[in-house]
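Here is start-v1.txt, consisting of compact mmCIF, C-alpha atoms:
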```
# COMPACT_ATOMS: atom_id res chain seq x y z
CA MET C 1 13.48 49.69 -6.61
CA ALA C 2 10.13 47.96 -7.13
CA GLY C 3 11.42 45.18 -9.37
CA ILE C 4 9.96 46.66 -12.56
CA GLY C 5 11.65 46.26 -15.93
CA TRP C 6 11.15 47.46 -19.49
CA LEU C 7 9.25 45.93 -22.37
CA LYS C 8 10.57 46.31 -25.90
CA ALA C 9 8.01 49.00 -26.71
CA ASP C 10 8.83 51.15 -23.66
CA SER C 11 10.74 54.40 -24.11
CA SER C 12 10.71 56.11 -20.70
CA TRP C 13 9.95 55.55 -17.04
CA LYS C 14 7.47 58.42 -17.22
CA GLU C 15 5.37 56.59 -19.81
CA ILE C 16 5.55 53.40 -17.76
CA ALA C 17 4.31 55.28 -14.68
CA PHE C 18 1.37 56.81 -16.56
CA GLU C 19 0.31 53.47 -18.04
CA THR C 20 0.64 51.73 -14.71
CA ILE C 21 -1.57 54.26 -12.93
CA ALA C 22 -4.14 54.42 -15.74
CA LYS C 23 -4.54 50.66 -16.23
CA ASP C 24 -3.50 49.16 -12.91
CA GLY C 25 -3.75 51.93 -10.35
CA PHE C 26 -6.91 50.52 -8.80
CA CYS C 27 -6.37 46.85 -9.59
CA THR C 28 -8.27 44.57 -7.20
CA HIS C 29 -6.37 41.40 -8.10
CA PRO C 30 -4.91 40.01 -4.85
CA TYR C 31 -1.49 39.43 -6.46
CA CYS C 32 -1.14 42.65 -8.43
CA GLY C 33 -0.89 46.36 -7.70
CA GLY C 34 0.55 47.28 -4.32
CA TRP C 35 0.94 43.68 -3.17
CA LEU C 36 3.11 42.81 -6.17
CA LEU C 37 5.20 45.98 -5.90
CA ASP C 38 5.90 45.17 -2.23
CA TRP C 39 6.76 41.54 -3.05
CA ASN C 40 9.10 42.64 -5.84
CA ALA C 41 10.79 45.18 -3.57
CA GLN C 42 11.42 42.54 -0.90
CA ARG C 43 12.97 40.20 -3.47
CA VAL C 44 15.18 43.02 -4.76
CA GLU C 45 16.44 43.71 -1.23
CA GLN C 46 17.13 40.01 -0.75
CA ALA C 47 19.07 39.82 -4.04
CA VAL C 48 21.07 42.93 -3.12
CA ARG C 49 22.17 41.27 0.14
CA SER C 50 22.87 37.87 -1.40
CA TYR C 51 24.59 38.92 -4.60
CA GLY C 52 25.84 42.43 -3.94
CA TRP C 53 23.61 43.42 -6.85
CA ASP C 54 23.01 47.11 -7.53
CA PRO C 55 19.73 47.40 -9.51
CA GLU C 56 20.66 50.89 -10.69
CA GLU C 57 23.58 49.40 -12.61
CA GLY C 58 21.34 47.07 -14.59
CA PRO C 59 20.95 43.28 -14.61
CA TRP C 60 23.27 41.40 -12.28
CA ASP C 61 24.92 39.36 -15.01
CA VAL C 62 26.10 42.45 -16.89
CA HIS C 63 29.22 42.35 -14.71
CA LEU C 64 29.93 38.65 -15.18
CA ASP C 65 32.56 37.24 -17.48
CA GLU C 66 30.48 35.68 -20.27
CA LEU C 67 32.87 32.74 -20.42
CA ASP C 68 32.79 32.13 -16.68
CA ALA C 69 29.85 30.21 -15.24
CA VAL C 70 31.35 29.69 -11.79
CA GLU C 71 29.63 32.64 -10.13
CA TRP C 72 26.20 31.09 -10.66
CA THR C 73 27.12 27.94 -8.78
CA GLN C 74 29.02 29.20 -5.75
CA ASP C 75 27.77 27.62 -2.52
CA ASP C 76 27.28 30.93 -0.74
CA ARG C 77 24.93 32.29 -3.41
CA PRO C 78 21.30 31.17 -3.59
CA ILE C 79 19.72 30.36 -6.92
CA PRO C 80 17.82 33.33 -8.45
CA ILE C 81 14.20 33.53 -7.33
CA PHE C 82 11.46 33.42 -9.96
CA ASN C 83 8.62 35.89 -9.77
CA TYR C 84 5.59 34.63 -7.86
CA ILE C 85 3.34 35.96 -10.63
CA LEU C 86 4.22 32.99 -12.85
CA ARG C 87 2.23 30.74 -10.49
CA HIS C 88 -0.90 32.72 -11.32
CA VAL C 89 -0.78 32.64 -15.11
CA LYS C 90 -3.25 30.60 -17.12
CA PHE C 91 -3.15 30.18 -20.89
CA LYS C 92 -6.30 29.59 -22.91
CA SER C 93 -7.14 25.93 -23.45
CA GLN C 94 -8.13 26.46 -27.08
CA HIS C 95 -5.38 25.60 -29.54
CA LEU C 96 -4.16 28.40 -31.78
CA PRO C 97 -2.33 28.28 -35.13
CA PRO C 98 1.44 28.18 -34.40
CA TRP C 99 1.95 31.37 -36.41
CA PHE C 100 -0.78 33.35 -34.61
CA HIS C 101 0.00 35.52 -31.58
CA ASP C 102 -2.92 36.41 -29.34
CA PRO C 103 -1.90 39.19 -26.91
CA HIS C 104 -4.77 38.14 -24.63
CA ASP C 105 -3.79 34.47 -24.52
CA ALA C 106 -2.33 34.59 -21.02
CA LYS C 107 -4.81 35.17 -18.18
CA PHE C 108 -4.32 36.16 -14.56
CA ARG C 109 -5.70 33.58 -12.12
CA VAL C 110 -7.75 34.91 -9.23
CA LEU C 111 -7.97 32.64 -6.17
CA GLU C 112 -6.30 29.29 -5.52
CA ALA C 113 -9.66 27.53 -5.20
CA GLU C 114 -10.85 29.05 -8.46
CA ALA C 115 -7.51 28.84 -10.28
CA ALA C 116 -8.74 26.94 -13.33
CA THR C 117 -12.23 28.37 -13.63
CA THR C 118 -12.09 32.07 -12.82
CA TYR C 119 -10.33 34.72 -14.86
CA GLN C 120 -9.53 38.35 -14.41
CA ARG C 121 -8.54 40.56 -17.30
CA PRO C 122 -5.90 39.29 -19.71
CA LEU C 123 -2.45 39.46 -18.14
CA SER C 124 -1.40 41.91 -20.86
CA THR C 125 -3.67 44.54 -19.27
CA HIS C 126 -1.77 44.38 -15.97
CA PRO C 127 1.28 46.60 -16.64
CA VAL C 128 2.75 46.00 -13.18
CA ALA C 129 2.60 42.22 -13.59
CA ILE C 130 3.99 41.95 -17.11
CA ARG C 131 6.85 44.38 -16.41
CA SER C 132 7.85 42.71 -13.16
CA LEU C 133 11.31 41.17 -13.30
CA ALA C 134 11.19 37.45 -13.99
CA THR C 135 14.09 36.71 -11.64
CA PHE C 136 15.79 38.28 -8.64
CA PRO C 137 18.47 39.36 -9.28
CA SER C 138 17.55 40.28 -12.82
CA VAL C 139 19.47 38.74 -15.70
CA ARG C 140 19.85 39.52 -19.40
CA ARG C 141 19.84 35.91 -20.57
CA LEU C 142 17.95 32.89 -19.37
CA ARG C 143 17.36 29.38 -20.69
CA PHE C 144 14.84 26.67 -19.92
CA HIS C 145 15.30 23.01 -20.77
CA THR C 146 11.82 21.55 -21.05
CA PHE C 147 12.27 18.37 -23.08
CA THR C 148 15.93 17.46 -23.31
CA PHE C 149 19.17 19.40 -23.38
CA ALA C 150 18.72 19.50 -27.16
CA HIS C 151 15.45 21.46 -26.92
CA GLU C 152 15.37 24.67 -24.96
CA HIS C 153 13.64 28.00 -24.67
CA ARG C 154 15.93 31.02 -24.71
CA PHE C 155 15.04 34.44 -23.36
CA GLU C 156 16.96 37.68 -23.66
CA ASN C 157 16.39 41.29 -22.63
CA ILE C 158 19.42 43.53 -22.22
CA LEU C 159 17.55 45.58 -19.58
CA GLY C 160 16.52 42.52 -17.55
CA ILE C 161 14.14 39.70 -18.44
CA THR C 162 10.54 40.38 -17.44
CA VAL C 163 7.58 38.11 -16.73
CA TRP C 164 6.22 39.05 -20.15
CA ASP C 165 9.45 38.02 -21.88
CA VAL C 166 9.19 34.54 -20.35
CA LEU C 167 5.51 34.06 -21.18
CA ARG C 168 5.90 35.29 -24.75
CA GLY C 169 8.80 32.91 -25.22
CA PHE C 170 6.79 29.92 -24.08
CA GLN C 171 3.72 31.06 -26.01
CA SER C 172 5.58 30.85 -29.31
CA ASP C 173 5.93 27.09 -28.73
CA MET C 174 2.54 26.41 -27.15
CA ASP C 175 0.74 24.92 -30.13
CA ARG C 176 3.49 22.97 -31.84
CA GLU C 177 2.61 19.28 -32.09
CA LEU C 178 4.85 17.30 -29.76
CA SER C 179 6.64 14.18 -30.89
CA ILE C 180 6.16 11.00 -28.86
CA SER C 181 9.66 11.29 -27.43
CA GLU C 182 9.08 14.94 -26.43
CA LEU C 183 5.77 14.11 -24.76
CA LEU C 184 7.27 11.23 -22.81
CA ALA C 185 10.17 13.44 -21.73
CA LEU C 186 7.77 16.13 -20.53
CA LEU C 187 5.59 13.65 -18.65
CA SER C 188 8.62 12.24 -16.89
CA GLY C 189 10.09 15.69 -16.24
CA PRO C 190 8.38 19.09 -15.80
CA PHE C 191 4.84 17.67 -16.03
CA SER C 192 5.36 14.42 -14.13
CA ASP C 193 2.69 15.41 -11.60
CA ILE C 194 -0.13 15.22 -14.19
CA PHE C 195 -0.69 11.48 -13.97
CA HIS C 196 0.35 10.97 -10.38
CA ASP C 197 -2.03 8.37 -8.90
CA LYS C 198 -4.32 8.53 -11.95
CA PRO C 199 -5.90 5.40 -13.50
CA SER C 200 -4.33 4.16 -16.73
CA SER C 201 -7.65 4.73 -18.53
CA ASP C 202 -7.41 8.46 -17.80
CA PHE C 203 -3.88 8.47 -19.20
CA VAL C 204 -5.06 7.09 -22.54
CA MET C 205 -8.01 9.48 -22.75
CA ASP C 206 -5.81 12.49 -22.04
CA LEU C 207 -3.00 11.72 -24.48
CA GLU C 208 -4.72 13.47 -27.39
CA ARG C 209 -5.36 16.57 -25.30
CA PHE C 210 -1.73 16.61 -24.18
CA SER C 211 -0.32 16.62 -27.70
CA THR C 212 0.94 20.20 -27.23
CA LEU C 213 2.54 22.26 -24.50
CA ARG C 214 -0.72 24.22 -24.24
CA GLY C 215 -2.63 21.03 -23.45
CA LEU C 216 -0.17 20.08 -20.73
CA TRP C 217 -0.17 23.58 -19.22
CA SER C 218 -4.00 23.63 -19.18
CA ALA C 219 -4.04 20.81 -16.61
CA THR C 220 -1.30 22.29 -14.43
CA ARG C 221 0.13 25.47 -13.07
CA TRP C 222 3.67 26.78 -12.91
CA GLU C 223 5.20 25.62 -9.64
CA GLY C 224 8.79 26.78 -9.95
CA ALA C 225 12.07 25.98 -11.65
CA HIS C 226 15.13 23.96 -10.74
CA PHE C 227 18.62 25.23 -11.43
CA VAL C 228 20.36 22.87 -13.88
CA GLY C 229 23.62 24.67 -14.59
CA SER C 230 25.13 27.66 -16.31
CA THR C 231 27.21 28.67 -19.27
CA GLY C 232 28.33 31.98 -20.66
CA GLU C 233 24.83 32.32 -22.13
CA GLY C 234 23.10 32.54 -18.78
CA PRO C 235 21.63 30.23 -16.13
CA ILE C 236 19.75 27.10 -17.21
CA PHE C 237 16.57 25.99 -15.46
CA MET C 238 14.14 23.09 -15.68
CA PRO C 239 10.58 24.31 -14.96
CA SER C 240 8.16 22.26 -12.88
CA PHE C 241 4.37 22.19 -12.98
CA ALA C 242 1.84 20.97 -10.41
CA ARG C 243 -1.41 19.27 -11.37
CA LEU C 244 -4.60 21.24 -10.82
CA PRO C 245 -7.46 19.53 -8.93
CA PRO C 246 -9.40 17.23 -11.33
CA THR C 247 -12.67 19.08 -10.73
CA SER C 248 -11.04 22.38 -11.62
CA VAL C 249 -9.59 21.00 -14.84
CA THR C 250 -12.93 19.53 -15.90
CA SER C 251 -14.74 22.79 -15.20
CA ASP C 252 -12.04 24.70 -17.05
CA LEU C 253 -12.48 22.63 -20.19
CA ALA C 254 -16.26 22.92 -20.04
CA LYS C 255 -16.16 26.69 -19.64
CA SER C 256 -13.20 27.48 -21.89
CA THR C 257 -15.19 27.87 -25.10
CA ALA C 258 -17.67 30.30 -23.57
CA THR C 259 -15.02 32.22 -21.66
CA GLU C 260 -12.69 32.56 -24.63
CA ALA C 261 -15.54 33.63 -26.89
CA GLU C 262 -16.13 36.60 -24.58
CA ASP C 263 -12.49 37.66 -24.97
```

Would you write out, as structure tokens, the structure that this file holds?
Amino acid sequence: MAGIGWLKADSSWKEIAFETIAKDGFCTHPYCGGWLLDWNAQRVEQAVRSYGWDPEEGPWDVHLDELDAVEWTQDDRPIPIFNYILRHVKFKSQHLPPWFHDPHDAKFRVLEAEAATTYQRPLSTHPVAIRSLATFPSVRRLRFHTFTFAHEHRFENILGITVWDVLRGFQSDMDRELSISELLALLSGPFSDIFHDKPSSDFVMDLERFSTLRGLWSATRWEGAHFVGSTGEGPIFMPSFARLPPTSVTSDLAKSTATEAED
């Protein structure tokens, strides 16, 4: 199995195969196409060994007792691995109305050195990437605590949560104005790396820009997620983000208007 899941609009593996070949068959992105399929397959094999997961039977948690969270926290089982693709996703810097969904909002970064300034096609045009399983083993339910335990992002896909499911879930909350308490919680939690060793003057200047999740994400990249716990509604994670180099962030902001106008 190549670690590929279904989107809500999919109806058959045959259609998925045709779309993948037509749109992504000759993809030159270094983290897509054959490279990503191989990476996914290796993670599937690892999850099969670690969890006794059979991908042909569906998501791993389909066999768990929904009221029993113990199996997620056993010492001999590693925490599910998140797809590497999430490290290479960049959202537009331009704020959007909270009610507006732009299918081309998420971009696929190219090279580490050009992470904030260079874009490939929108991520939505990479069928292999968006259909890749978000976690290994795959799960039907997943939760992220980003601010406090009172505010969370929930994801669900009965066939296994994909990268696209996760990004769409975060996107729906990207442009909501953050309260002071939420912003402080984010800056001391998932986005604590933003102001590491930065002068206090920079902190004040950046506060307005960081009034939304989109603003925070524009200065960082997804680094991973820490396992917090589990309930009958799936594993709970706290995401973490690493600050992009200052020069990259500055260039990104300067070029964002022109780049996004072309989209």

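Computed from the coordinates, the CA of Pro190 in chain C to CA of Ser240 in chain C distance equals 4.3 Å.
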
query: Separation of CA of Leu142 in chain C and CA of Leu159 in chain C, in Å?
result: 12.7 Å

- prompt: Of the candidates C:Glu152, C:Asp173, C:Glu182, C:Asp38, which shows the shortest atom-to-atom distance to Gly3 in chain C, using only C-alpha atoms?
  reply: C:Asp38

- prompt: Excluding same-chain residues fewer than 2 positions from Thr162 in chain C, what lies within 6 Å of it counting only C-alpha atoms, as a list in words?
  reply: Arg131, Ser132, Leu133, Ala134, Trp164 and Asp165 of chain C

Neighbour list for Asp105 in chain C as a short mmCIF file (atom, residue, chain, number, x, y, z; two decimals) with C-alpha atoms, in the frame of the given file, cut-off 9 Å, only C-alpha atoms, skip fewer than 3 positions in-chain:
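Done, and the output landed in selection10.cif:
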```cif
data_model
loop_
_atom_site.label_atom_id
_atom_site.label_comp_id
_atom_site.auth_asym_id
_atom_site.auth_seq_id
_atom_site.Cartn_x
_atom_site.Cartn_y
_atom_site.Cartn_z
CA LYS C 90 -3.25 30.60 -17.12
CA PHE C 91 -3.15 30.18 -20.89
CA LYS C 92 -6.30 29.59 -22.91
CA HIS C 101 0.00 35.52 -31.58
CA ASP C 102 -2.92 36.41 -29.34
CA PRO C 122 -5.90 39.29 -19.71
CA LEU C 123 -2.45 39.46 -18.14
CA SER C 124 -1.40 41.91 -20.86
CA GLN C 171 3.72 31.06 -26.01
#
```

message: As an exercise, work out the distance from CA of Arg87 in chain C to CA of Glu56 in chain C in Å and give it to one decimal place.
response: 27.3 Å

query: Excluding same-chain residues fewer than 2 positions from Ser192 in chain C, what lies within 9 Å of it counting all atoms listed in the file, as a PyMOL selection string?
result: chain C and resi 186-190+194-196+240-243

field: Of the listed residues C:Val89, C:Ile180, C:Ile79, C:Leu7, that which approaches Ser230 in chain C most closely, counting only C-alpha atoms
entry: C:Ile79

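Residues surrounding Ile81 in chain C within 8 Å are Arg43, Thr135, Phe136 and Pro137 of chain C [only C-alpha atoms; sequence separation below 6 positions excluded].
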
field: Minimum-distance residue to Leu244 in chain C, chosen among C:Val128, C:Val139, C:Leu216, C:Val228 (using all atoms listed in the file)
entry: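 When distances to Leu244 in chain C are compared using all atoms listed in the file, the smallest one comes from C:Leu216.
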
query: From the set C:His88, C:Pro127, C:Gly160, C:Trp53, which residue has the shortest atom-to-atom contact distance to Phe26 in chain C, counting all atoms listed in the file?
result: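 The closest residue to Phe26 in chain C is C:Pro127.
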
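Take the candidates C:His29, C:Ile21, C:Glu156, C:Ser138 and check each one against Glu57 in chain C using only C-alpha atoms; the shortest distance goes to C:Ser138.
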
field: Pick from C:Phe210, C:Phe191, C:Phe170, C:Phe155 nearest to Ile236 in chain C, counting only C-alpha atoms
entry: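 Of the candidates, the smallest distance to Ile236 in chain C is held by C:Phe155.
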
Taking all atoms of range 167-178 of chain C that the file lists, what box with edges along x, y and z, padded by 5 Å per side, do you get, with centre and edge lengths in Å to one decimal, as JSON?
```
{"center_x": 4.8, "center_y": 26.3, "center_z": -26.6, "size_x": 18.1, "size_y": 28.0, "size_z": 20.9}
```

- request: Determine, counting all atoms listed in the file, which protein, DNA and RNA residues have an atom within 7 Å of an atom of Ser218 in chain C; residues of the same chain fewer than 3 positions away are not included. Present the result as a list in words.
  value: Phe91, Ser93, Arg214 and Gly215 of chain C
